[in-house]
>>> print(open('coords.txt').read())   # compact mmCIF, N, CA and C atoms
# COMPACT_ATOMS: atom_id res chain seq x y z
N MET A 862 85.03 117.27 161.67
CA MET A 862 84.90 117.45 163.11
C MET A 862 85.79 118.62 163.52
N PHE A 863 85.22 119.53 164.31
CA PHE A 863 85.97 120.66 164.86
C PHE A 863 86.50 120.28 166.23
N SER A 864 87.60 120.90 166.64
CA SER A 864 88.12 120.64 167.98
C SER A 864 88.79 121.88 168.54
N VAL A 865 88.79 121.95 169.87
CA VAL A 865 89.52 122.96 170.63
C VAL A 865 90.23 122.22 171.75
N THR A 866 91.49 122.58 171.97
CA THR A 866 92.27 121.96 173.04
C THR A 866 92.76 123.03 174.00
N VAL A 867 92.64 122.74 175.29
CA VAL A 867 93.19 123.59 176.34
C VAL A 867 94.16 122.76 177.16
N ARG A 868 95.06 123.44 177.85
CA ARG A 868 96.16 122.74 178.55
C ARG A 868 96.30 123.22 179.98
N ASP A 869 96.70 122.29 180.84
CA ASP A 869 97.05 122.58 182.23
C ASP A 869 98.13 121.56 182.62
N HIS A 870 98.40 121.43 183.91
CA HIS A 870 99.35 120.42 184.36
C HIS A 870 98.99 119.99 185.77
N ILE A 871 99.49 118.80 186.13
CA ILE A 871 99.32 118.31 187.50
C ILE A 871 100.63 117.69 187.98
N MET A 872 100.80 117.75 189.29
CA MET A 872 101.93 117.09 189.95
C MET A 872 101.35 116.17 191.01
N ILE A 873 101.63 114.88 190.88
CA ILE A 873 101.07 113.89 191.80
C ILE A 873 102.18 112.98 192.30
N ALA A 874 101.86 112.23 193.33
CA ALA A 874 102.71 111.13 193.79
C ALA A 874 101.84 109.88 193.78
N HIS A 875 102.45 108.74 193.52
CA HIS A 875 101.75 107.46 193.55
C HIS A 875 102.75 106.32 193.43
N SER A 876 102.24 105.12 193.61
CA SER A 876 103.04 103.91 193.39
C SER A 876 102.15 102.90 192.69
N PHE A 877 102.78 101.87 192.15
CA PHE A 877 102.04 100.84 191.42
C PHE A 877 102.26 99.48 192.06
N ARG A 878 101.30 98.60 191.82
CA ARG A 878 101.42 97.20 192.23
C ARG A 878 101.60 96.38 190.96
N GLY A 879 102.56 95.46 190.99
CA GLY A 879 102.77 94.56 189.86
C GLY A 879 104.19 94.64 189.34
N GLU A 880 104.76 93.49 189.07
CA GLU A 880 106.13 93.43 188.59
C GLU A 880 106.35 94.21 187.30
N VAL A 881 105.33 94.31 186.47
CA VAL A 881 105.46 95.02 185.19
C VAL A 881 105.93 96.46 185.40
N PHE A 882 105.69 97.02 186.58
CA PHE A 882 106.03 98.42 186.85
C PHE A 882 107.45 98.62 187.37
N GLY A 883 108.17 97.55 187.62
CA GLY A 883 109.56 97.67 188.04
C GLY A 883 109.72 98.62 189.21
N PRO A 884 110.69 99.58 189.08
CA PRO A 884 110.96 100.49 190.20
C PRO A 884 109.80 101.46 190.49
N ALA A 885 108.85 101.60 189.57
CA ALA A 885 107.70 102.48 189.81
C ALA A 885 106.74 101.88 190.83
N GLN A 886 107.06 100.67 191.32
CA GLN A 886 106.26 100.11 192.41
C GLN A 886 106.48 100.91 193.70
N ARG A 887 107.63 101.58 193.77
CA ARG A 887 107.91 102.43 194.93
C ARG A 887 107.22 103.79 194.73
N LEU A 888 106.96 104.47 195.80
CA LEU A 888 106.36 105.79 195.74
C LEU A 888 107.25 106.71 194.90
N HIS A 889 106.65 107.42 193.96
CA HIS A 889 107.40 108.35 193.10
C HIS A 889 106.47 109.49 192.68
N GLY A 890 107.07 110.56 192.21
CA GLY A 890 106.31 111.70 191.74
C GLY A 890 106.19 111.68 190.23
N ALA A 891 105.16 112.35 189.75
CA ALA A 891 104.96 112.50 188.30
C ALA A 891 104.36 113.88 188.04
N THR A 892 104.87 114.51 187.00
CA THR A 892 104.31 115.78 186.53
C THR A 892 103.79 115.54 185.12
N PHE A 893 102.54 115.88 184.90
CA PHE A 893 101.91 115.67 183.60
C PHE A 893 101.45 117.00 183.00
N LEU A 894 101.73 117.21 181.72
CA LEU A 894 100.99 118.22 180.97
C LEU A 894 99.66 117.57 180.62
N VAL A 895 98.59 118.31 180.77
CA VAL A 895 97.25 117.76 180.54
C VAL A 895 96.60 118.56 179.41
N ASP A 896 96.30 117.87 178.30
CA ASP A 896 95.58 118.47 177.18
C ASP A 896 94.17 117.91 177.16
N ALA A 897 93.18 118.77 177.14
CA ALA A 897 91.78 118.37 177.01
C ALA A 897 91.27 118.90 175.67
N THR A 898 90.80 117.98 174.83
CA THR A 898 90.30 118.34 173.51
C THR A 898 88.80 118.09 173.46
N PHE A 899 88.09 119.08 173.01
CA PHE A 899 86.63 119.03 172.89
C PHE A 899 86.30 118.98 171.40
N ARG A 900 85.43 118.03 170.99
CA ARG A 900 85.12 117.84 169.57
C ARG A 900 83.62 117.95 169.32
N ARG A 901 83.31 118.54 168.18
CA ARG A 901 81.92 118.59 167.76
C ARG A 901 81.85 118.67 166.24
N GLU A 902 80.74 118.22 165.70
CA GLU A 902 80.58 118.17 164.25
C GLU A 902 80.29 119.53 163.65
N GLN A 903 79.52 120.33 164.34
CA GLN A 903 79.15 121.66 163.86
C GLN A 903 79.46 122.69 164.94
N LEU A 904 79.84 123.87 164.52
CA LEU A 904 80.07 124.95 165.47
C LEU A 904 78.75 125.39 166.08
N ASP A 905 78.80 125.99 167.26
CA ASP A 905 77.57 126.46 167.88
C ASP A 905 77.12 127.78 167.24
N ASP A 906 76.12 128.40 167.81
CA ASP A 906 75.57 129.63 167.24
C ASP A 906 76.57 130.78 167.23
N ASP A 907 77.61 130.70 168.06
CA ASP A 907 78.65 131.72 168.09
C ASP A 907 79.86 131.34 167.24
N ASN A 908 79.73 130.24 166.49
CA ASN A 908 80.81 129.72 165.64
C ASN A 908 82.04 129.28 166.42
N ILE A 909 81.78 128.67 167.58
CA ILE A 909 82.89 128.12 168.37
C ILE A 909 82.55 126.68 168.76
N VAL A 910 83.59 125.93 169.14
CA VAL A 910 83.41 124.59 169.68
C VAL A 910 82.97 124.68 171.12
N VAL A 911 83.71 125.50 171.89
CA VAL A 911 83.45 125.71 173.30
C VAL A 911 84.13 127.02 173.68
N ASP A 912 83.62 127.67 174.67
CA ASP A 912 84.26 128.88 175.19
C ASP A 912 85.60 128.47 175.79
N ILE A 913 86.69 128.93 175.21
CA ILE A 913 88.03 128.53 175.66
C ILE A 913 88.26 128.93 177.12
N GLY A 914 87.76 130.07 177.52
CA GLY A 914 87.92 130.49 178.90
C GLY A 914 87.23 129.54 179.87
N LEU A 915 85.99 129.14 179.55
CA LEU A 915 85.28 128.20 180.41
C LEU A 915 85.95 126.83 180.39
N ALA A 916 86.41 126.39 179.23
CA ALA A 916 87.08 125.09 179.13
C ALA A 916 88.36 125.10 179.96
N THR A 917 89.10 126.18 179.89
CA THR A 917 90.34 126.30 180.67
C THR A 917 90.04 126.31 182.17
N ARG A 918 89.01 127.04 182.56
CA ARG A 918 88.62 127.11 183.98
C ARG A 918 88.21 125.74 184.50
N GLU A 919 87.40 125.03 183.74
CA GLU A 919 86.89 123.75 184.20
C GLU A 919 87.98 122.68 184.20
N LEU A 920 88.88 122.70 183.22
CA LEU A 920 90.01 121.78 183.26
C LEU A 920 90.85 122.06 184.50
N GLY A 921 91.09 123.34 184.78
CA GLY A 921 91.85 123.72 185.97
C GLY A 921 91.19 123.23 187.25
N ALA A 922 89.87 123.31 187.30
CA ALA A 922 89.15 122.85 188.49
C ALA A 922 89.29 121.34 188.65
N VAL A 923 89.20 120.61 187.54
CA VAL A 923 89.32 119.15 187.60
C VAL A 923 90.72 118.75 188.03
N VAL A 924 91.74 119.32 187.43
CA VAL A 924 93.10 118.90 187.79
C VAL A 924 93.48 119.37 189.19
N SER A 925 92.88 120.45 189.67
CA SER A 925 93.20 120.91 191.03
C SER A 925 92.76 119.89 192.07
N GLU A 926 91.77 119.04 191.73
CA GLU A 926 91.33 117.99 192.65
C GLU A 926 92.39 116.90 192.81
N LEU A 927 93.33 116.82 191.85
CA LEU A 927 94.38 115.80 191.87
C LEU A 927 95.75 116.38 192.20
N ASN A 928 95.94 117.65 191.95
CA ASN A 928 97.24 118.28 192.03
C ASN A 928 97.81 118.24 193.45
N TYR A 929 99.11 117.97 193.54
CA TYR A 929 99.84 117.91 194.81
C TYR A 929 99.23 116.89 195.78
N ARG A 930 98.76 115.78 195.24
CA ARG A 930 98.19 114.73 196.07
C ARG A 930 99.03 113.45 195.91
N ASN A 931 99.11 112.71 196.98
CA ASN A 931 99.61 111.34 196.90
C ASN A 931 98.38 110.48 196.64
N LEU A 932 98.23 110.02 195.42
CA LEU A 932 97.02 109.30 195.04
C LEU A 932 96.86 108.00 195.80
N ASP A 933 97.96 107.46 196.33
CA ASP A 933 97.88 106.25 197.15
C ASP A 933 97.06 106.50 198.42
N ASN A 934 96.98 107.76 198.85
CA ASN A 934 96.25 108.10 200.08
C ASN A 934 94.83 108.58 199.83
N GLU A 935 94.42 108.64 198.57
CA GLU A 935 93.08 109.13 198.24
C GLU A 935 92.10 107.94 198.20
N PRO A 936 91.05 107.97 199.01
CA PRO A 936 90.12 106.83 199.08
C PRO A 936 89.55 106.42 197.71
N GLU A 937 89.30 107.36 196.85
CA GLU A 937 88.70 107.01 195.55
C GLU A 937 89.64 106.18 194.67
N PHE A 938 90.93 106.18 194.98
CA PHE A 938 91.90 105.42 194.20
C PHE A 938 92.45 104.20 194.95
N ALA A 939 91.84 103.86 196.07
CA ALA A 939 92.31 102.73 196.86
C ALA A 939 92.31 101.46 196.03
N GLY A 940 93.45 100.78 196.00
CA GLY A 940 93.56 99.52 195.29
C GLY A 940 93.65 99.64 193.78
N ILE A 941 93.80 100.86 193.25
CA ILE A 941 93.83 101.09 191.80
C ILE A 941 95.22 101.54 191.38
N ASN A 942 95.76 100.95 190.33
CA ASN A 942 96.99 101.46 189.72
C ASN A 942 96.62 102.71 188.93
N THR A 943 97.03 103.85 189.42
CA THR A 943 96.68 105.13 188.80
C THR A 943 97.66 105.43 187.66
N SER A 944 97.60 104.58 186.64
CA SER A 944 98.46 104.73 185.46
C SER A 944 98.10 106.01 184.71
N THR A 945 98.97 106.39 183.82
CA THR A 945 98.72 107.57 182.99
C THR A 945 97.41 107.40 182.23
N GLU A 946 97.20 106.22 181.68
CA GLU A 946 95.97 105.95 180.92
C GLU A 946 94.73 106.08 181.81
N TYR A 947 94.83 105.52 183.01
CA TYR A 947 93.70 105.57 183.94
C TYR A 947 93.39 107.01 184.34
N LEU A 948 94.43 107.79 184.64
CA LEU A 948 94.20 109.19 185.04
C LEU A 948 93.62 110.01 183.89
N ALA A 949 94.00 109.71 182.65
CA ALA A 949 93.40 110.41 181.50
C ALA A 949 91.89 110.15 181.47
N LYS A 950 91.49 108.92 181.76
CA LYS A 950 90.06 108.60 181.80
C LYS A 950 89.35 109.33 182.93
N VAL A 951 89.97 109.35 184.10
CA VAL A 951 89.38 110.05 185.25
C VAL A 951 89.11 111.51 184.89
N ILE A 952 90.09 112.17 184.30
CA ILE A 952 89.94 113.59 183.96
C ILE A 952 88.87 113.76 182.87
N ALA A 953 88.88 112.92 181.86
CA ALA A 953 87.87 113.01 180.79
C ALA A 953 86.47 112.82 181.34
N ASP A 954 86.30 111.84 182.22
CA ASP A 954 84.98 111.58 182.80
C ASP A 954 84.51 112.76 183.64
N ARG A 955 85.42 113.37 184.37
CA ARG A 955 85.04 114.53 185.20
C ARG A 955 84.69 115.74 184.33
N LEU A 956 85.40 115.91 183.23
CA LEU A 956 85.04 116.99 182.30
C LEU A 956 83.68 116.72 181.68
N ALA A 957 83.41 115.48 181.32
CA ALA A 957 82.11 115.13 180.74
C ALA A 957 80.98 115.45 181.72
N GLU A 958 81.18 115.15 182.99
CA GLU A 958 80.17 115.48 184.02
C GLU A 958 79.91 116.99 184.04
N ARG A 959 80.97 117.77 183.95
CA ARG A 959 80.83 119.22 183.99
C ARG A 959 80.11 119.75 182.75
N ILE A 960 80.38 119.14 181.60
CA ILE A 960 79.66 119.52 180.38
C ILE A 960 78.17 119.24 180.55
N HIS A 961 77.84 118.04 181.04
CA HIS A 961 76.44 117.66 181.22
C HIS A 961 75.73 118.57 182.21
N LYS A 962 76.46 119.09 183.20
CA LYS A 962 75.86 119.98 184.20
C LYS A 962 75.78 121.43 183.71
N GLY A 963 76.34 121.73 182.53
CA GLY A 963 76.28 123.08 181.98
C GLY A 963 77.42 123.99 182.38
N ALA A 964 78.46 123.48 183.03
CA ALA A 964 79.55 124.32 183.52
C ALA A 964 80.38 124.95 182.39
N LEU A 965 80.32 124.38 181.21
CA LEU A 965 81.05 124.94 180.07
C LEU A 965 80.13 125.74 179.15
N GLY A 966 78.94 126.08 179.63
CA GLY A 966 77.99 126.88 178.88
C GLY A 966 77.00 126.00 178.12
N GLU A 967 75.86 126.58 177.81
CA GLU A 967 74.82 125.84 177.11
C GLU A 967 75.27 125.38 175.73
N GLY A 968 76.07 126.20 175.06
CA GLY A 968 76.56 125.84 173.73
C GLY A 968 77.42 124.59 173.74
N ALA A 969 78.05 124.31 174.88
CA ALA A 969 78.93 123.14 174.98
C ALA A 969 78.15 121.83 174.98
N ARG A 970 76.86 121.90 175.13
CA ARG A 970 76.05 120.68 175.11
C ARG A 970 76.11 119.99 173.75
N GLY A 971 76.56 120.69 172.71
CA GLY A 971 76.72 120.11 171.39
C GLY A 971 78.02 119.36 171.20
N ILE A 972 78.88 119.36 172.21
CA ILE A 972 80.15 118.62 172.11
C ILE A 972 79.85 117.13 172.05
N LYS A 973 80.49 116.47 171.11
CA LYS A 973 80.25 115.04 170.89
C LYS A 973 81.29 114.14 171.56
N ALA A 974 82.49 114.68 171.81
CA ALA A 974 83.54 113.85 172.41
C ALA A 974 84.53 114.73 173.16
N VAL A 975 85.13 114.13 174.18
CA VAL A 975 86.20 114.76 174.95
C VAL A 975 87.36 113.79 174.95
N SER A 976 88.55 114.32 174.69
CA SER A 976 89.77 113.53 174.72
C SER A 976 90.74 114.19 175.67
N VAL A 977 91.37 113.39 176.51
CA VAL A 977 92.37 113.91 177.45
C VAL A 977 93.68 113.17 177.19
N THR A 978 94.75 113.95 177.04
CA THR A 978 96.08 113.40 176.86
C THR A 978 96.95 113.87 178.01
N LEU A 979 97.62 112.91 178.66
CA LEU A 979 98.57 113.24 179.71
C LEU A 979 99.96 112.97 179.16
N HIS A 980 100.77 114.02 179.12
CA HIS A 980 102.14 113.93 178.62
C HIS A 980 103.07 113.68 179.81
N GLU A 981 103.65 112.48 179.86
CA GLU A 981 104.61 112.15 180.91
C GLU A 981 105.96 112.81 180.67
N SER A 982 106.29 112.97 179.41
CA SER A 982 107.55 113.57 179.01
C SER A 982 107.42 114.01 177.56
N HIS A 983 108.52 114.48 177.00
CA HIS A 983 108.49 114.89 175.60
C HIS A 983 108.48 113.70 174.65
N ILE A 984 108.63 112.48 175.18
CA ILE A 984 108.63 111.30 174.32
C ILE A 984 107.57 110.27 174.67
N ALA A 985 106.75 110.52 175.69
CA ALA A 985 105.74 109.53 176.08
C ALA A 985 104.49 110.21 176.60
N TRP A 986 103.34 109.73 176.14
CA TRP A 986 102.05 110.25 176.60
C TRP A 986 100.99 109.19 176.38
N ALA A 987 99.84 109.39 177.02
CA ALA A 987 98.71 108.48 176.90
C ALA A 987 97.44 109.32 176.82
N SER A 988 96.44 108.77 176.13
CA SER A 988 95.18 109.49 175.92
C SER A 988 93.98 108.59 176.19
N TYR A 989 92.87 109.25 176.47
CA TYR A 989 91.58 108.59 176.57
C TYR A 989 90.56 109.49 175.91
N GLU A 990 89.73 108.93 175.04
CA GLU A 990 88.67 109.70 174.39
C GLU A 990 87.34 109.02 174.67
N ARG A 991 86.35 109.84 174.97
CA ARG A 991 85.02 109.32 175.22
C ARG A 991 83.96 110.14 174.52
N ALA A 992 82.91 109.48 174.10
CA ALA A 992 81.77 110.15 173.49
C ALA A 992 80.93 110.76 174.61
N LEU A 993 80.18 111.79 174.24
CA LEU A 993 79.25 112.40 175.20
C LEU A 993 77.82 112.10 174.77
>>> encode(input="coords.txt", output="structure tokens")
Amino acid sequence: MFSVTVRDHIMIAHSFRGEVFGPAQRLHGATFLVDATFRREQLDDDNIVVDIGLATRELGAVVSELNYRNLDNEPEFAGINTSTEYLAKVIADRLAERIHKGALGEGARGIKAVSVTLHESHIAWASYERAL
């Protein structure tokens, strides 16, 4: 399996419900490095997994929808604990939609999986991978 990874970052605010979250139940900020990995079994006709420029642009567009937002105030996240794992899935699903719509080029239709990793720090991160 071949893969290409591009990176961006987001800065959000949110809070959690549930004792398991301790002090994170209060409103707090988080900055995440965001890695999006695109996987395919065979390279396309240009011998690439995906156009890195298009992948970078589309990841940037997806994270810009979340960047500098208090997720507690966003209707789409009402009543949801926007954990690192959950946000990785949100970003992966949005990238998958863009691939299906052709935003990453026709060659990207051969991508078999997208994985998103959100790095909370240099010692903790969470990922979500989905098939296309």
>>> closest_residue(input="coords.txt", among="A:Ala891, A:Val923, A:Met862, A:Val951", to="Glu981 of chain A", atoms="only C-alpha atoms")
A:Ala891
>>> residues_near_point(input="coords.txt", point="(90.7, 119.2, 185.5)", cutoff="8 Å", atoms="all atoms listed in the file", output="count of residues only")
17
>>> closest_residue(input="coords.txt", among="A:Val867, A:Leu993, A:Val881, A:Leu915", to="Phe899 of chain A", atoms="all atoms listed in the file")
A:Val867
>>> atom_distance(input="coords.txt", atom1="atom N of Glu946 of chain A", atom2="atom C of Phe863 of chain A")
23.5 Å
>>> atom_distance(input="coords.txt", atom1="atom CA of Glu967 of chain A", atom2="atom CA of Ile909 of chain A")
12.1 Å
>>> atom_distance(input="coords.txt", atom1="atom N of Leu894 of chain A", atom2="atom C of Ser982 of chain A")
7.7 Å
>>> select_by_dssp(input="coords.txt", residues="segment 894-935 of chain A", states="strand (DSSP E)", output="PyMOL selection string")
chain A and resi 894-901+930-931
>>> write_last_selection(input="coords.txt", atoms="N, CA and C atoms", output="PDB file, in the coordinates of the input")
ATOM      1  N   LEU A 894     101.730 117.210 181.720  1.00  0.00           N
ATOM      2  CA  LEU A 894     100.990 118.220 180.970  1.00  0.00           C
ATOM      3  C   LEU A 894      99.660 117.570 180.620  1.00  0.00           C
ATOM      4  N   VAL A 895      98.590 118.310 180.770  1.00  0.00           N
ATOM      5  CA  VAL A 895      97.250 117.760 180.540  1.00  0.00           C
ATOM      6  C   VAL A 895      96.600 118.560 179.410  1.00  0.00           C
ATOM      7  N   ASP A 896      96.300 117.870 178.300  1.00  0.00           N
ATOM      8  CA  ASP A 896      95.580 118.470 177.180  1.00  0.00           C
ATOM      9  C   ASP A 896      94.170 117.910 177.160  1.00  0.00           C
ATOM     10  N   ALA A 897      93.180 118.770 177.140  1.00  0.00           N
ATOM     11  CA  ALA A 897      91.780 118.370 177.010  1.00  0.00           C
ATOM     12  C   ALA A 897      91.270 118.900 175.670  1.00  0.00           C
ATOM     13  N   THR A 898      90.800 117.980 174.830  1.00  0.00           N
ATOM     14  CA  THR A 898      90.300 118.340 173.510  1.00  0.00           C
ATOM     15  C   THR A 898      88.800 118.090 173.460  1.00  0.00           C
ATOM     16  N   PHE A 899      88.090 119.080 173.010  1.00  0.00           N
ATOM     17  CA  PHE A 899      86.630 119.030 172.890  1.00  0.00           C
ATOM     18  C   PHE A 899      86.300 118.980 171.400  1.00  0.00           C
ATOM     19  N   ARG A 900      85.430 118.030 170.990  1.00  0.00           N
ATOM     20  CA  ARG A 900      85.120 117.840 169.570  1.00  0.00           C
ATOM     21  C   ARG A 900      83.620 117.950 169.320  1.00  0.00           C
ATOM     22  N   ARG A 901      83.310 118.540 168.180  1.00  0.00           N
ATOM     23  CA  ARG A 901      81.920 118.590 167.760  1.00  0.00           C
ATOM     24  C   ARG A 901      81.850 118.670 166.240  1.00  0.00           C
ATOM     25  N   ARG A 930      98.760 115.780 195.240  1.00  0.00           N
ATOM     26  CA  ARG A 930      98.190 114.730 196.070  1.00  0.00           C
ATOM     27  C   ARG A 930      99.030 113.450 195.910  1.00  0.00           C
ATOM     28  N   ASN A 931      99.110 112.710 196.980  1.00  0.00           N
ATOM     29  CA  ASN A 931      99.610 111.340 196.900  1.00  0.00           C
ATOM     30  C   ASN A 931      98.380 110.480 196.640  1.00  0.00           C
TER      31      ASN A 931
END
>>> closest_residue(input="coords.txt", among="A:Thr978, A:Asn908, A:Ser864, A:Asn928", to="Thr892 of chain A", atoms="only C-alpha atoms")
A:Asn928
>>> residues_around(input="coords.txt", residues="His980 of chain A", least_positions_apart="6", cutoff="7 Å", atoms="all atoms listed in the file", output="mmCIF file with N, CA and C atoms, in the frame of the given file")
data_model
loop_
_atom_site.group_PDB
_atom_site.id
_atom_site.type_symbol
_atom_site.label_atom_id
_atom_site.label_comp_id
_atom_site.auth_asym_id
_atom_site.auth_seq_id
_atom_site.Cartn_x
_atom_site.Cartn_y
_atom_site.Cartn_z
ATOM 1 N N THR A 892 104.870 114.510 187.000
ATOM 2 C CA THR A 892 104.310 115.780 186.530
ATOM 3 C C THR A 892 103.790 115.540 185.120
ATOM 4 N N PHE A 893 102.540 115.880 184.900
ATOM 5 C CA PHE A 893 101.910 115.670 183.600
ATOM 6 C C PHE A 893 101.450 117.000 183.000
ATOM 7 N N LEU A 894 101.730 117.210 181.720
ATOM 8 C CA LEU A 894 100.990 118.220 180.970
ATOM 9 C C LEU A 894 99.660 117.570 180.620
ATOM 10 N N VAL A 895 98.590 118.310 180.770
ATOM 11 C CA VAL A 895 97.250 117.760 180.540
ATOM 12 C C VAL A 895 96.600 118.560 179.410
ATOM 13 N N ASP A 896 96.300 117.870 178.300
ATOM 14 C CA ASP A 896 95.580 118.470 177.180
ATOM 15 C C ASP A 896 94.170 117.910 177.160
ATOM 16 N N TRP A 986 103.340 109.730 176.140
ATOM 17 C CA TRP A 986 102.050 110.250 176.600
ATOM 18 C C TRP A 986 100.990 109.190 176.380
ATOM 19 N N ALA A 987 99.840 109.390 177.020
ATOM 20 C CA ALA A 987 98.710 108.480 176.900
ATOM 21 C C ALA A 987 97.440 109.320 176.820
#
>>> axis_aligned_box(input="coords.txt", around="segment 863-871 of chain A", padding_each_side="8 Å", output="lines of an AutoDock Vina configuration file")
center_x = 92.9
center_y = 120.6
center_z = 176.1
size_x = 31.4
size_y = 21.9
size_z = 39.7
>>> closest_residue(input="coords.txt", among="A:Ala916, A:Asp933, A:Ala964, A:Ala974", to="Arg887 of chain A", atoms="only C-alpha atoms")
A:Asp933
>>> closest_residue(input="coords.txt", among="A:Arg930, A:Phe877, A:Gly914, A:Val865", to="Thr943 of chain A", atoms="all atoms listed in the file")
A:Phe877
>>> closest_residue(input="coords.txt", among="A:Ser976, A:Glu935, A:Tyr929, A:Ile913", to="His870 of chain A", atoms="only C-alpha atoms")
A:Tyr929
>>> select_by_dssp(input="coords.txt", residues="segment 884-932 of chain A", states="alpha helix (DSSP H)", output="ChimeraX atom specification")
/A:913-925
>>> write_last_selection(input="coords.txt", atoms="N, CA and C atoms", output="tab-separated table (two decimals), in the frame of the given file")
chain	number	residue	atom	x	y	z
A	913	ILE	N	86.69	128.93	175.21
A	913	ILE	CA	88.03	128.53	175.66
A	913	ILE	C	88.26	128.93	177.12
A	914	GLY	N	87.76	130.07	177.52
A	914	GLY	CA	87.92	130.49	178.90
A	914	GLY	C	87.23	129.54	179.87
A	915	LEU	N	85.99	129.14	179.55
A	915	LEU	CA	85.28	128.20	180.41
A	915	LEU	C	85.95	126.83	180.39
A	916	ALA	N	86.41	126.39	179.23
A	916	ALA	CA	87.08	125.09	179.13
A	916	ALA	C	88.36	125.10	179.96
A	917	THR	N	89.10	126.18	179.89
A	917	THR	CA	90.34	126.30	180.67
A	917	THR	C	90.04	126.31	182.17
A	918	ARG	N	89.01	127.04	182.56
A	918	ARG	CA	88.62	127.11	183.98
A	918	ARG	C	88.21	125.74	184.50
A	919	GLU	N	87.40	125.03	183.74
A	919	GLU	CA	86.89	123.75	184.20
A	919	GLU	C	87.98	122.68	184.20
A	920	LEU	N	88.88	122.70	183.22
A	920	LEU	CA	90.01	121.78	183.26
A	920	LEU	C	90.85	122.06	184.50
A	921	GLY	N	91.09	123.34	184.78
A	921	GLY	CA	91.85	123.72	185.97
A	921	GLY	C	91.19	123.23	187.25
A	922	ALA	N	89.87	123.31	187.30
A	922	ALA	CA	89.15	122.85	188.49
A	922	ALA	C	89.29	121.34	188.65
A	923	VAL	N	89.20	120.61	187.54
A	923	VAL	CA	89.32	119.15	187.60
A	923	VAL	C	90.72	118.75	188.03
A	924	VAL	N	91.74	119.32	187.43
A	924	VAL	CA	93.10	118.90	187.79
A	924	VAL	C	93.48	119.37	189.19
A	925	SER	N	92.88	120.45	189.67
A	925	SER	CA	93.20	120.91	191.03
A	925	SER	C	92.76	119.89	192.07
